[in-house]
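Note: the block below is entry-v8.tsv and it holds TSV, C-alpha atoms.
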```
chain	number	residue	atom	x	y	z
A	1	MET	CA	0.00	0.00	0.00
A	2	LYS	CA	1.12	3.52	-0.74
A	3	LYS	CA	2.23	5.51	2.26
A	4	LEU	CA	1.25	9.06	3.15
A	5	ASN	CA	3.53	11.94	2.47
A	6	SER	CA	2.90	13.77	5.71
A	7	THR	CA	0.94	13.15	8.93
A	8	CYS	CA	0.43	15.29	12.00
A	9	ILE	CA	-0.05	14.23	15.63
A	10	ILE	CA	-1.36	16.80	18.11
A	11	ASP	CA	-1.07	15.39	21.61
A	12	ASP	CA	0.56	16.37	24.91
A	13	ASP	CA	1.40	12.85	26.06
A	14	PRO	CA	4.98	11.77	25.18
A	15	ILE	CA	4.26	8.08	25.72
A	16	PHE	CA	1.29	8.18	23.39
A	17	ILE	CA	3.36	9.99	20.76
A	18	TYR	CA	6.13	7.42	21.07
A	19	GLY	CA	3.62	4.59	20.61
A	20	THR	CA	1.85	6.13	17.66
A	21	LYS	CA	5.10	6.91	15.86
A	22	ARG	CA	6.29	3.39	16.54
A	23	ILE	CA	3.18	1.84	15.02
A	24	MET	CA	3.34	4.26	12.10
A	25	ASN	CA	6.88	3.14	11.36
A	26	GLU	CA	5.95	-0.54	11.72
A	27	ILE	CA	3.21	-0.34	9.13
A	28	ASP	CA	5.03	2.19	6.93
A	29	PHE	CA	2.29	4.77	7.40
A	30	SER	CA	3.84	8.09	6.48
A	31	GLU	CA	7.02	9.61	5.10
A	32	ASN	CA	6.99	12.53	7.54
A	33	ILE	CA	5.42	12.84	10.98
A	34	LEU	CA	4.83	16.29	12.47
A	35	VAL	CA	4.26	16.43	16.21
A	36	TYR	CA	2.73	19.31	18.20
A	37	ASN	CA	2.10	19.21	21.94
A	38	ASN	CA	-1.04	21.35	22.08
A	39	GLY	CA	-3.55	23.11	19.84
A	40	GLN	CA	-1.76	26.43	19.88
A	41	ASP	CA	1.61	24.99	18.82
A	42	ALA	CA	-0.16	23.05	16.08
A	43	LEU	CA	-2.00	26.11	14.84
A	44	ASP	CA	1.23	28.14	14.80
A	45	GLY	CA	3.04	25.33	12.97
A	46	LEU	CA	0.31	24.82	10.37
A	47	MET	CA	0.05	28.57	9.80
A	48	ALA	CA	3.81	28.68	9.24
A	49	LEU	CA	3.55	25.89	6.65
A	50	THR	CA	0.79	27.83	4.93
A	51	ALA	CA	2.89	31.00	4.93
A	52	GLU	CA	5.72	29.07	3.25
A	53	GLY	CA	3.27	27.98	0.57
A	54	LYS	CA	3.43	24.33	1.65
A	55	ASP	CA	0.55	21.87	1.86
A	56	LEU	CA	-0.94	20.85	5.20
A	57	PRO	CA	-0.38	17.21	6.25
A	58	SER	CA	-2.89	14.82	4.68
A	59	VAL	CA	-4.02	13.43	8.03
A	60	ILE	CA	-4.22	15.06	11.46
A	61	PHE	CA	-4.63	13.04	14.64
A	62	LEU	CA	-6.02	15.33	17.30
A	63	ASP	CA	-6.23	14.75	21.06
A	64	LEU	CA	-9.01	16.52	22.98
A	65	ASN	CA	-7.61	17.13	26.45
A	66	MET	CA	-4.51	19.31	26.19
A	67	PRO	CA	-3.14	22.34	28.04
A	68	ILE	CA	-3.03	25.89	26.62
A	69	MET	CA	-5.36	25.06	23.70
A	70	ASN	CA	-7.43	21.89	23.71
A	71	GLY	CA	-8.66	19.92	20.71
A	72	TRP	CA	-12.06	21.64	20.56
A	73	GLU	CA	-10.51	25.09	20.52
A	74	PHE	CA	-8.04	23.95	17.86
A	75	LEU	CA	-10.93	22.88	15.61
A	76	GLU	CA	-12.58	26.30	15.95
A	77	ASP	CA	-9.44	28.05	14.71
A	78	TYR	CA	-8.26	25.37	12.31
A	79	VAL	CA	-11.09	26.03	9.83
A	80	LYS	CA	-9.80	29.59	9.45
A	81	ILE	CA	-6.34	28.55	8.18
A	82	PRO	CA	-6.12	29.98	4.65
A	83	ASN	CA	-4.46	26.97	3.04
A	84	PRO	CA	-5.78	25.79	-0.36
A	85	ASN	CA	-5.45	22.11	0.53
A	86	ARG	CA	-7.13	22.48	3.93
A	87	GLU	CA	-10.39	20.94	2.83
A	88	LYS	CA	-8.63	17.78	1.70
A	89	VAL	CA	-7.06	17.22	5.13
A	90	ILE	CA	-8.66	14.41	7.11
A	91	ILE	CA	-8.91	14.90	10.86
A	92	TYR	CA	-9.28	12.06	13.32
A	93	ILE	CA	-10.00	12.69	16.97
A	94	LEU	CA	-7.81	10.42	19.04
A	95	SER	CA	-8.79	10.46	22.65
A	96	SER	CA	-9.09	8.31	25.74
A	97	SER	CA	-12.52	9.73	26.41
A	98	VAL	CA	-15.43	7.35	26.78
A	99	ASP	CA	-17.60	10.22	27.97
A	100	PRO	CA	-20.80	10.17	25.88
A	101	ARG	CA	-20.90	13.99	25.94
A	102	ASP	CA	-17.57	14.16	24.10
A	103	LEU	CA	-18.72	11.60	21.53
A	104	GLU	CA	-21.92	13.56	20.97
A	105	ARG	CA	-20.02	16.81	20.59
A	106	ILE	CA	-17.71	15.39	17.91
A	107	LYS	CA	-20.71	14.91	15.62
A	108	HIS	CA	-21.11	18.67	15.44
A	109	TYR	CA	-17.73	19.21	13.82
A	110	LYS	CA	-17.94	18.73	10.07
A	111	VAL	CA	-14.16	18.77	9.61
A	112	VAL	CA	-13.75	15.73	11.86
A	113	ASN	CA	-13.75	12.52	9.93
A	114	ASN	CA	-13.85	9.99	12.71
A	115	TYR	CA	-13.09	9.13	16.31
A	116	ILE	CA	-10.45	6.65	17.43
A	117	LEU	CA	-10.37	5.52	21.02
A	118	LYS	CA	-6.94	5.26	22.63
A	119	PRO	CA	-4.84	3.14	22.71
A	120	ILE	CA	-4.34	3.29	18.98
A	121	SER	CA	-3.64	-0.05	17.26
A	122	PRO	CA	-1.93	-1.01	13.99
A	123	LYS	CA	-5.40	-2.03	12.79
A	124	ASP	CA	-6.74	1.50	13.38
A	125	LEU	CA	-3.91	3.03	11.41
A	126	LYS	CA	-4.18	0.54	8.55
A	127	ARG	CA	-7.85	1.42	8.27
A	128	VAL	CA	-6.99	5.13	8.15
A	129	LEU	CA	-4.46	4.44	5.41
A	130	GLU	CA	-7.09	2.55	3.38
A	131	GLN	CA	-9.51	5.41	3.73
A	132	VAL	CA	-7.06	8.12	2.80
A	133	VAL	CA	-4.92	6.62	0.03
B	1	MET	CA	-17.81	15.62	38.48
B	2	ASN	CA	-19.20	12.47	36.94
B	3	PHE	CA	-17.72	9.04	36.75
B	4	ALA	CA	-17.50	8.80	32.94
B	5	HIS	CA	-15.56	12.04	32.96
B	6	ILE	CA	-13.09	10.87	35.61
B	7	VAL	CA	-12.54	7.58	33.83
B	8	SER	CA	-12.17	9.32	30.46
B	9	HIS	CA	-9.85	12.10	31.36
B	10	ASN	CA	-7.95	10.86	34.38
B	11	LEU	CA	-7.65	7.12	34.27
B	12	ARG	CA	-7.97	5.88	30.71
B	13	SER	CA	-5.05	7.87	29.32
B	14	HIS	CA	-2.73	6.05	31.72
B	15	SER	CA	-4.32	2.63	31.36
B	16	SER	CA	-4.26	2.84	27.58
B	17	ASN	CA	-0.58	3.79	27.68
B	18	LEU	CA	0.13	0.83	29.94
B	19	SER	CA	-1.59	-1.60	27.62
B	20	MET	CA	0.12	-0.12	24.58
B	21	LEU	CA	3.59	-0.24	26.14
B	22	SER	CA	3.21	-3.75	27.50
B	23	GLY	CA	2.11	-4.85	24.02
B	24	PHE	CA	5.29	-3.37	22.54
B	25	LEU	CA	7.42	-4.94	25.24
B	26	ALA	CA	6.00	-8.40	24.58
B	27	GLN	CA	7.27	-8.34	20.99
B	28	GLU	CA	10.40	-6.17	21.28
B	29	LYS	CA	13.64	-8.10	20.79
B	30	LYS	CA	16.25	-5.33	20.97
B	31	GLU	CA	17.66	-5.03	24.47
B	32	LYS	CA	18.15	-1.27	24.31
B	33	GLU	CA	14.60	-0.62	23.19
B	34	ARG	CA	13.27	-3.00	25.85
B	35	LYS	CA	15.00	-0.90	28.51
B	36	ASN	CA	13.45	2.22	27.03
B	37	LEU	CA	10.01	0.59	27.12
B	38	VAL	CA	10.43	-0.55	30.70
B	39	GLN	CA	11.29	2.99	31.71
B	40	MET	CA	8.18	4.33	29.99
B	41	LEU	CA	6.10	1.62	31.65
B	42	GLN	CA	7.41	2.81	34.99
B	43	GLU	CA	6.51	6.39	34.15
B	44	ALA	CA	3.02	5.41	33.03
B	45	SER	CA	2.36	3.34	36.14
B	46	GLY	CA	3.73	6.17	38.29
B	47	SER	CA	1.32	8.60	36.61
B	48	LEU	CA	-1.59	6.24	37.14
B	49	ASN	CA	-0.62	5.91	40.78
B	50	GLU	CA	-0.45	9.67	41.20
B	51	THR	CA	-3.86	10.11	39.60
B	52	VAL	CA	-5.41	7.52	41.89
B	53	MET	CA	-3.90	9.35	44.89
B	54	HIS	CA	-5.36	12.64	43.67
B	55	LEU	CA	-8.78	11.11	43.23
B	56	ASN	CA	-8.52	9.60	46.67
B	57	GLU	CA	-7.60	12.98	48.10
B	58	VAL	CA	-10.70	14.46	46.50
B	59	VAL	CA	-12.94	11.78	47.95
B	60	GLN	CA	-11.33	12.23	51.38
B	61	VAL	CA	-12.05	15.95	51.31
B	62	LYS	CA	-15.77	15.29	51.22
B	63	ALA	CA	-15.82	12.60	53.90
B	64	HIS	CA	-16.47	13.62	57.53
B	65	ALA	CA	-15.60	17.22	56.75
B	66	LEU	CA	-18.23	18.92	58.87
B	67	GLU	CA	-17.20	17.05	62.03
B	68	LYS	CA	-13.72	18.54	61.88
B	69	MET	CA	-14.84	22.17	61.62
B	70	LYS	CA	-13.74	24.52	64.38
B	71	ALA	CA	-12.95	28.16	65.08
B	72	VAL	CA	-9.79	29.19	63.24
B	73	ASN	CA	-8.11	32.56	63.48
B	74	LEU	CA	-7.76	33.80	59.92
B	75	TYR	CA	-4.81	36.10	60.61
B	76	ASP	CA	-2.82	33.42	62.43
B	77	CYS	CA	-3.46	30.96	59.66
B	78	LEU	CA	-2.31	33.40	56.95
B	79	LYS	CA	0.81	34.33	58.92
B	80	ALA	CA	1.67	30.68	59.48
B	81	VAL	CA	1.38	29.90	55.77
B	82	GLU	CA	3.40	33.01	54.90
B	83	LYS	CA	6.11	31.86	57.25
B	84	ASN	CA	6.01	28.41	55.72
B	85	ILE	CA	6.87	29.74	52.29
B	86	SER	CA	9.14	32.57	53.45
B	87	VAL	CA	12.09	31.16	51.49
B	88	LEU	CA	10.07	31.11	48.29
B	89	LEU	CA	8.74	34.63	48.92
B	90	LYS	CA	12.26	35.90	49.44
B	91	GLU	CA	13.57	34.13	46.37
B	92	LYS	CA	10.90	35.78	44.24
B	93	GLU	CA	11.33	39.13	46.08
B	94	ALA	CA	7.61	39.04	46.70
B	95	LYS	CA	5.74	41.42	48.94
B	96	CYS	CA	2.89	40.12	51.01
B	97	ILE	CA	0.35	42.48	52.56
B	98	ILE	CA	-2.00	40.84	55.01
B	99	SER	CA	-4.72	43.33	56.02
B	100	VAL	CA	-6.92	41.08	58.08
B	101	PRO	CA	-8.22	41.89	61.61
B	102	ARG	CA	-6.23	40.03	64.27
B	103	LYS	CA	-9.33	38.68	65.96
B	104	GLN	CA	-11.23	37.41	62.94
B	105	ASN	CA	-12.34	33.82	63.57
B	106	ILE	CA	-13.95	31.69	60.90
B	107	LYS	CA	-15.44	28.21	60.84
B	108	ALA	CA	-12.94	26.00	59.08
B	109	ILE	CA	-10.97	22.79	59.08
B	110	PRO	CA	-7.46	23.98	59.99
B	111	ALA	CA	-5.60	21.61	57.65
B	112	TYR	CA	-7.83	22.54	54.71
B	113	LEU	CA	-7.53	26.25	55.34
B	114	ASP	CA	-3.72	25.93	55.41
B	115	SER	CA	-3.79	23.96	52.20
B	116	VAL	CA	-6.13	26.47	50.49
B	117	PHE	CA	-3.92	29.47	51.28
B	118	LEU	CA	-0.72	27.58	50.58
B	119	ASN	CA	-2.05	26.77	47.13
B	120	LEU	CA	-3.14	30.35	46.44
B	121	PHE	CA	0.22	31.74	47.59
B	122	THR	CA	2.25	29.29	45.54
B	123	ASN	CA	0.04	29.83	42.48
B	124	SER	CA	0.56	33.57	42.71
B	125	LEU	CA	4.31	33.06	42.85
B	126	LYS	CA	4.38	30.38	40.17
B	127	TYR	CA	2.37	32.53	37.75
B	128	SER	CA	3.91	35.85	38.63
B	129	PHE	CA	4.50	38.45	35.96
B	130	PRO	CA	8.13	38.14	34.82
B	131	SER	CA	9.05	41.83	34.79
B	132	ARG	CA	7.57	42.92	38.11
B	133	LYS	CA	7.99	41.80	41.69
B	134	PRO	CA	5.02	39.82	42.96
B	135	VAL	CA	2.68	41.67	45.33
B	136	ILE	CA	0.05	39.67	47.16
B	137	GLU	CA	-2.65	41.52	49.07
B	138	ILE	CA	-5.09	39.81	51.38
B	139	THR	CA	-8.06	41.61	52.89
B	140	SER	CA	-11.16	40.48	54.74
B	141	GLU	CA	-14.56	41.92	55.42
B	142	GLU	CA	-17.53	40.76	57.47
B	143	LYS	CA	-20.84	40.55	55.65
B	144	GLY	CA	-23.70	39.34	57.83
B	145	ASP	CA	-22.71	35.91	59.13
B	146	LYS	CA	-19.99	35.52	56.48
B	147	VAL	CA	-16.39	36.59	56.12
B	148	VAL	CA	-15.33	37.57	52.62
B	149	VAL	CA	-11.59	37.19	51.99
B	150	LYS	CA	-9.97	38.73	48.93
B	151	PHE	CA	-6.68	37.26	47.73
B	152	LYS	CA	-5.21	39.53	45.11
B	153	ASP	CA	-2.01	39.28	43.07
B	154	ASN	CA	-0.33	41.21	40.27
B	155	GLY	CA	0.65	38.14	38.26
B	156	LEU	CA	0.07	36.86	34.75
B	157	GLY	CA	-3.71	36.79	35.12
B	158	ILE	CA	-5.86	34.38	33.21
B	159	ASP	CA	-8.24	34.73	30.27
B	160	LEU	CA	-11.52	33.87	32.00
B	161	ASP	CA	-13.60	34.21	28.84
B	162	ARG	CA	-11.63	31.31	27.47
B	163	HIS	CA	-10.78	29.30	30.55
B	164	GLY	CA	-13.31	30.46	33.14
B	165	GLU	CA	-15.51	27.39	33.17
B	166	ASN	CA	-12.48	25.12	33.50
B	167	LEU	CA	-10.46	27.06	36.03
B	168	PHE	CA	-11.41	24.89	38.98
B	169	GLY	CA	-11.60	21.71	36.90
B	170	MET	CA	-9.36	18.72	37.43
B	171	TYR	CA	-6.22	18.42	35.26
B	172	LYS	CA	-6.85	21.71	33.51
B	173	THR	CA	-3.76	23.81	32.90
B	174	PHE	CA	-3.63	27.14	31.17
B	175	HIS	CA	-0.11	28.47	31.24
B	176	ARG	CA	3.04	27.05	29.74
B	177	HIS	CA	4.56	26.13	33.06
B	178	LYS	CA	6.49	22.96	33.61
B	179	ASP	CA	5.06	22.39	37.09
B	180	ALA	CA	1.45	23.01	36.14
B	181	LYS	CA	-0.49	19.89	37.05
B	182	GLY	CA	-4.06	21.06	37.08
B	183	ILE	CA	-4.89	19.67	40.49
B	184	GLY	CA	-4.34	22.60	42.91
B	185	LEU	CA	-7.38	24.77	42.31
B	186	PHE	CA	-9.56	21.72	41.90
B	187	ILE	CA	-8.68	20.51	45.39
B	188	THR	CA	-8.85	24.06	46.76
B	189	LYS	CA	-12.42	24.45	45.54
B	190	ASN	CA	-13.38	21.08	46.97
B	191	GLN	CA	-11.81	21.91	50.32
B	192	ILE	CA	-13.54	25.27	50.54
B	193	GLU	CA	-16.88	23.77	49.65
B	194	ALA	CA	-16.38	21.04	52.22
B	195	MET	CA	-16.07	23.86	54.78
B	196	ASN	CA	-19.39	25.28	53.61
B	197	GLY	CA	-17.64	28.15	51.84
B	198	ASN	CA	-17.20	29.15	48.25
B	199	ILE	CA	-14.53	30.55	45.96
B	200	SER	CA	-14.78	32.73	42.87
B	201	VAL	CA	-12.29	34.50	40.68
B	202	GLU	CA	-11.79	37.73	38.76
B	203	SER	CA	-8.78	38.22	36.55
B	204	THR	CA	-7.28	40.41	33.88
B	205	VAL	CA	-4.54	39.06	31.64
B	206	ASP	CA	-1.18	40.77	32.34
B	207	VAL	CA	-2.64	42.61	35.35
B	208	GLY	CA	-3.43	40.02	37.97
B	209	THR	CA	-5.93	37.75	39.63
B	210	THR	CA	-8.23	38.15	42.63
B	211	PHE	CA	-9.77	35.16	44.34
B	212	THR	CA	-12.76	35.83	46.57
B	213	LEU	CA	-13.32	33.31	49.36
B	214	VAL	CA	-16.41	33.26	51.53
B	215	PHE	CA	-16.45	31.51	54.93
B	216	ASP	CA	-18.86	31.28	57.86
B	217	ILE	CA	-18.05	33.48	60.84
B	218	ASN	CA	-17.45	31.46	63.95
```

Step by step, read the file and then write its structure as structure tokens.
Amino acid sequence: MKKLNSTCIIDDDPIFIYGTKRIMNEIDFSENILVYNNGQDALDGLMALTAEGKDLPSVIFLDLNMPIMNGWEFLEDYVKIPNPNREKVIIYILSSSVDPRDLERIKHYKVVNNYILKPISPKDLKRVLEQVV
Amino acid sequence: MNFAHIVSHNLRSHSSNLSMLSGFLAQEKKEKERKNLVQMLQEASGSLNETVMHLNEVVQVKAHALEKMKAVNLYDCLKAVEKNISVLLKEKEAKCIISVPRKQNIKAIPAYLDSVFLNLFTNSLKYSFPSRKPVIEITSEEKGDKVVVKFKDNGLGIDLDRHGENLFGMYKTFHRHKDAKGIGLFITKNQIEAMNGNISVESTVDVGTTFTLVFDIN
């Protein structure tokens, strides 16, 4: 299967990031992996890419519970990034939340493609790859 | 706070890390990477342990609280806490103005009251404004059968429009500070409420924060 050119992980948990990167490498998921530790850093980073005239990553994995700017707040601002390929980017919420209120809330965000419950598995990522490529 | 929320945001992140890491460890052959995984497993189990302790602390706050209430002198309590952190105050060149009547007694649980003020003091110092010396002002006023205590600082302040509803929530952090854990104000609020009081906040970014605490007069 073809691998992705660029993927982005937005999460504040170093162990989770380690694990996700490890699985991504195992299944040859993506050429490049961008990591941001909260919504604000991600927004700044993605804006910088846009300013350089570069494309956004094809897939974004977004955690909900993060300091400084959480996943919900990121989504509010993300849709304002003036990047021509923004609408092609696929966002997955990746969270440990089993709170029905969070799951309900996700439905209201059109830019969010799907929800993946942590821990992430190779199966989850293979499915993402099938959907995207 | 409901159970699904606690499980989702406090426990599952650790348990899912533990299951992920142990899965990796079971198949990892390289000795160096195994060591790395074991270290992360230790960190994850340590975090889970810490979270369980925090949750236990929260449950303890609510249990038998009213039985332990007694008359506490507000001024003495503030002075004792100030003395406790005198090294930190000096280090930060902070000024502390306690304008509270010497004879003001409130109904409180002494250990909780200490913990509440200790947390407010250390927060003010932790989130002080970098280019000015911290000034903390504490005043009190009687209103009917209540004592209203104002705890004011000139620190970083906090954007309440954005963070207001989460300020006293568990594991919510708002500043880029390495020691921010998001447990202090959550426990503070629980302790104050266990003493039949309440706490509210006003704040302006870059100007400072004022906490208003209301207690019963003894």

key: Residue nearest Leu18 (chain B) - candidates A:Phe16, A:Asp44, A:Glu26, A:Phe74, atoms counted: only C-alpha atoms   = A:Phe16

message = Show me the residues around (1.6, 33.2, 39.0) - criterion: an atom at most 10 Å away, all atoms listed in the file counted - as a PyMOL selection string.
response = chain B and resi 120-130+134+153-158+175+177+208-209

inquiry  = Nearest residue to Phe29 (chain A) out of A:Asp77, A:Glu52, A:Asp13, A:Asn5, using only C-alpha atoms?
reply    =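 Looking only at the distances to Phe29 (chain A), the closest residue turns out to be A:Asn5.
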
query = So, counting all atoms listed in the file, which residue among A:Leu64, A:Ile116, A:Met24, A:Leu34 is closest to Asp12 (chain A)?
reply = A:Leu64

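Shown here are all protein and nucleic acid residues lying within 12 Å of (-6.4, 7.0, 37.5), with all atoms listed in the file considered: Phe3, His5, Ile6, Val7, Ser8, His9, Asn10, Leu11, Arg12, Ser13, His14, Ser15, Ser16, Asn17, Leu18, Ala44, Ser45, Gly46, Ser47, Leu48, Asn49, Glu50, Thr51, Val52, Met53, His54, Leu55, Asn56 and Tyr171 of chain B.
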
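Interatomic distance, CA of Glu93 (chain B) against CA of Glu137 (chain B): 14.5 Å.
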
task = Could you tell me how far CA of Asn36 (chain B) lies from CA of Ile15 (chain A), in Å and to one decimal?
result =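 According to the coordinates, CA of Asn36 (chain B) and CA of Ile15 (chain A) are separated by 11.0 Å.
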
request  = Determine which residues of chain A sit within 10 Å of chain B, taking into account only C-alpha atoms, and present them as a ChimeraX atom specification.
outcome  = /A:13-16,18-20,22-23,64-70,73,95-102,117-121

Could you work out an axis-aligned box for region 140-150 of chain B, taking every atom the file lists and adding 6 Å on each side, and report centre and edge lengths in Å to one decimal, as JSON?
```
{"center_x": -16.8, "center_y": 38.7, "center_z": 54.0, "size_x": 25.7, "size_y": 18.4, "size_z": 22.2}
```

Quick one: everything within 12 Å of Asn32 (chain A), counting only C-alpha atoms, minus sequence neighbours fewer than 5 positions away in the same chain. Send it as a CSV table (one decimal) with C-alpha atoms, keeping the file's coordinate frame.
```
chain,number,residue,atom,x,y,z
A,3,LYS,CA,2.2,5.5,2.3
A,4,LEU,CA,1.2,9.1,3.2
A,5,ASN,CA,3.5,11.9,2.5
A,6,SER,CA,2.9,13.8,5.7
A,7,THR,CA,0.9,13.2,8.9
A,8,CYS,CA,0.4,15.3,12.0
A,9,ILE,CA,0.0,14.2,15.6
A,21,LYS,CA,5.1,6.9,15.9
A,24,MET,CA,3.3,4.3,12.1
A,25,ASN,CA,6.9,3.1,11.4
A,56,LEU,CA,-0.9,20.8,5.2
A,57,PRO,CA,-0.4,17.2,6.2
A,58,SER,CA,-2.9,14.8,4.7
A,59,VAL,CA,-4.0,13.4,8.0
```

key: One-decimal distance in Å that lies between CA of Lys32 (chain B) and CA of Asp63 (chain A)   = 29.4 Å

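Proximity to Ile187 (chain B) at 9 Å, evaluated using all atoms listed in the file and with sequence-adjacent residues fewer than 2 positions away removed, yields B:His54, B:Glu57, B:Val58, B:Val61, B:Val116, B:Phe168, B:Met170, B:Ile183, B:Gly184, B:Leu185, B:Lys189, B:Asn190, B:Gln191, B:Ile192.
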
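With all atoms listed in the file as the basis for measurement, A:Ile60 is the residue among A:Glu130, A:Ile60, A:Asp55, A:Tyr109 that approaches Val35 (chain A) most closely.
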
Residues near Lys90 (chain B), cut-off 12 Å, all atoms listed in the file, skip fewer than 6 positions along chain, as a ChimeraX atom specification = /B:82-84,96,125,133-135

Selection file, C-alpha atoms, as a PDB file, in the frame of the given file:
```pdb
ATOM      1  CA  GLU B  82       3.400  33.010  54.900  1.00  0.00           C
ATOM      2  CA  LYS B  83       6.110  31.860  57.250  1.00  0.00           C
ATOM      3  CA  ASN B  84       6.010  28.410  55.720  1.00  0.00           C
ATOM      4  CA  CYS B  96       2.890  40.120  51.010  1.00  0.00           C
ATOM      5  CA  LEU B 125       4.310  33.060  42.850  1.00  0.00           C
ATOM      6  CA  LYS B 133       7.990  41.800  41.690  1.00  0.00           C
ATOM      7  CA  PRO B 134       5.020  39.820  42.960  1.00  0.00           C
ATOM      8  CA  VAL B 135       2.680  41.670  45.330  1.00  0.00           C
TER       9      VAL B 135
END
```
